[in-house]
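A.B. asks: Supplied in structure tokens, the structure appears directly below.
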Amino acid sequence: MRTLASDGRPRVADLHEAYDRLEQAGWAKTQVAEQVLASGAVLPICAYTSGPQAGRVVIAGIHGREPAGAIALAQYVDRLIQLGATRSILLLPLLNPWGYHRHQRYGPSGQSVSDSDHWLGRAAEAACPEAKAITAYVMEQVDLAPCAAVLDLHEDPVYEAPGYHFEGRGSYLYATGTGAASHPVTRRVAAYLGNSPIPLVMNGVTRFGETLNQGMIVDSEDGSIDELLARKRGCTPVITTELVLKEESDPHLAVRVAVYLGLLDVFFED
Ligand SMILES: [Zn+2]
């Protein structure tokens, strides 16, 4: 089933087929939640782990108009299998397949699928069924090493917001967690992006009113799963990367995927 996007992204089934090669290589697969299309087709939301006490976590596909991370991870499966032979990795590669398929930011309930405000004391209830299941998984089920490093691959489709003008072209990142801003992994990621074809925008204000400092926003309180992992699971650094999209295919998807493939190498370098 082809997606409703026009950027040439693969089908959801193609991505799942790639991720499932991890399971064939011995990784454990857990279905955390599911979403259902109007056709009745069920889209599973899965987690993959290469072993206990994950020291590295990679997340992608939370927002449906930000496909580059989920696609890069599908193309990175062979390398993940190699890395997973000696290290413990948690992969949450496509947390919003419904949004990816429909080219919409949020899930079917119109809410962020990994909203964590109910764990952070800001909401009484989970924002939607996926948020309830995904956050319960990372809080109660998954086994993380102390200070596990997290990389959450986003994009910033500024064209979604009429009236918002972001002057810069390029990328920026969030760093959350104890010592995250000056952590060697954060420095490496920032240096890589700075020299990439989608370079860091050093100064500016995001559409969420956050001010960039040297391309970075430190310790954001945005209710995301990244804030949750930093504050309630002790992860650090939790790095959220954003590639600014002026239009659906500006920059082109292939360029964004290539930048994220290189970023994965940098994240796993040590
Ligand atoms: Zn996003």
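So you can find residues: chains in the structure tokens are A, B, ... in the order shown, residues in each start at 1, and ligands are numbered from 1 in order.
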Set the distance at 9 Å and use only C-alpha atoms: which residues neighbour Gly64 of chain A once local chain neighbours fewer than 3 positions away are removed? I'd like the list as JSON, numbers by chain.

C.D. replies: {"A": [61, 67, 96, 97, 98, 99, 100, 101, 102, 103, 104, 105, 106, 107]}

A.B. asks: Taking the backbone alone, and naming residues the way the document does, which bits of segment 44-199 of chain A are strand (DSSP E or B) by DSSP, as a PyMOL selection string?

C.D. replies: chain A and resi 44-49+54-60+89-92+144-153+156-157+171-176

A.B. asks: Hey, what's within 12 Å of Thr86 of chain A if we count only C-alpha atoms and toss same-chain stuff fewer than 4 positions away? As a ChimeraX atom specification, please?

C.D. replies: /A:50-52,54-55,79-82,268

A.B. asks: Export, as an mmCIF file, in the first residue's frame, the selected residues with N, CA and C atoms.

C.D. replies:
data_model
loop_
_atom_site.group_PDB
_atom_site.id
_atom_site.type_symbol
_atom_site.label_atom_id
_atom_site.label_comp_id
_atom_site.auth_asym_id
_atom_site.auth_seq_id
_atom_site.Cartn_x
_atom_site.Cartn_y
_atom_site.Cartn_z
ATOM 1 N N SER A 50 18.862 -5.747 21.125
ATOM 2 C CA SER A 50 19.909 -6.733 20.818
ATOM 3 C C SER A 50 20.397 -7.443 22.068
ATOM 4 N N GLY A 51 19.976 -6.960 23.252
ATOM 5 C CA GLY A 51 20.401 -7.617 24.481
ATOM 6 C C GLY A 51 19.893 -6.843 25.676
ATOM 7 N N PRO A 52 20.179 -7.318 26.900
ATOM 8 C CA PRO A 52 19.708 -6.633 28.101
ATOM 9 C C PRO A 52 20.510 -5.361 28.380
ATOM 10 N N ALA A 54 20.229 -1.991 27.641
ATOM 11 C CA ALA A 54 20.602 -1.209 26.457
ATOM 12 C C ALA A 54 21.385 0.032 26.849
ATOM 13 N N GLY A 55 22.546 0.223 26.211
ATOM 14 C CA GLY A 55 23.365 1.407 26.473
ATOM 15 C C GLY A 55 23.169 2.481 25.421
ATOM 16 N N ARG A 79 24.258 -2.815 9.507
ATOM 17 C CA ARG A 79 25.230 -2.274 10.465
ATOM 18 C C ARG A 79 24.727 -2.467 11.899
ATOM 19 N N LEU A 80 23.431 -2.300 12.114
ATOM 20 C CA LEU A 80 22.880 -2.526 13.455
ATOM 21 C C LEU A 80 23.098 -3.971 13.885
ATOM 22 N N ILE A 81 22.946 -4.904 12.958
ATOM 23 C CA ILE A 81 23.159 -6.317 13.294
ATOM 24 C C ILE A 81 24.616 -6.524 13.728
ATOM 25 N N GLN A 82 25.543 -5.893 12.991
ATOM 26 C CA GLN A 82 26.967 -5.986 13.394
ATOM 27 C C GLN A 82 27.184 -5.384 14.771
ATOM 28 N N PHE A 268 27.275 5.880 17.020
ATOM 29 C CA PHE A 268 27.771 4.572 17.488
ATOM 30 C C PHE A 268 29.294 4.469 17.430
#

A.B. asks: For each of A:Val113, A:Leu37, A:Leu153, A:Ala191, take the minimum atom-to-atom distance to Glu130 of chain A, counting only C-alpha atoms, then give the residue where this is smallest.

C.D. replies: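 So, comparing all the options, the nearest one is A:Val113.
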
A.B. asks: At a cut-off of 10 Å around ligand 1, and using only C-alpha atoms and all ligand atoms, what residues come up? Please write them as a PyMOL selection string.

C.D. replies: chain A and resi 60-67+105-106+112+152-157+224+240-243

A.B. asks: If you measure from atom CA of Ser171 of chain A to atom CA of Ser249 of chain A, what distance in Å do you get, rounded to one decimal?

C.D. replies: 15.0 Å
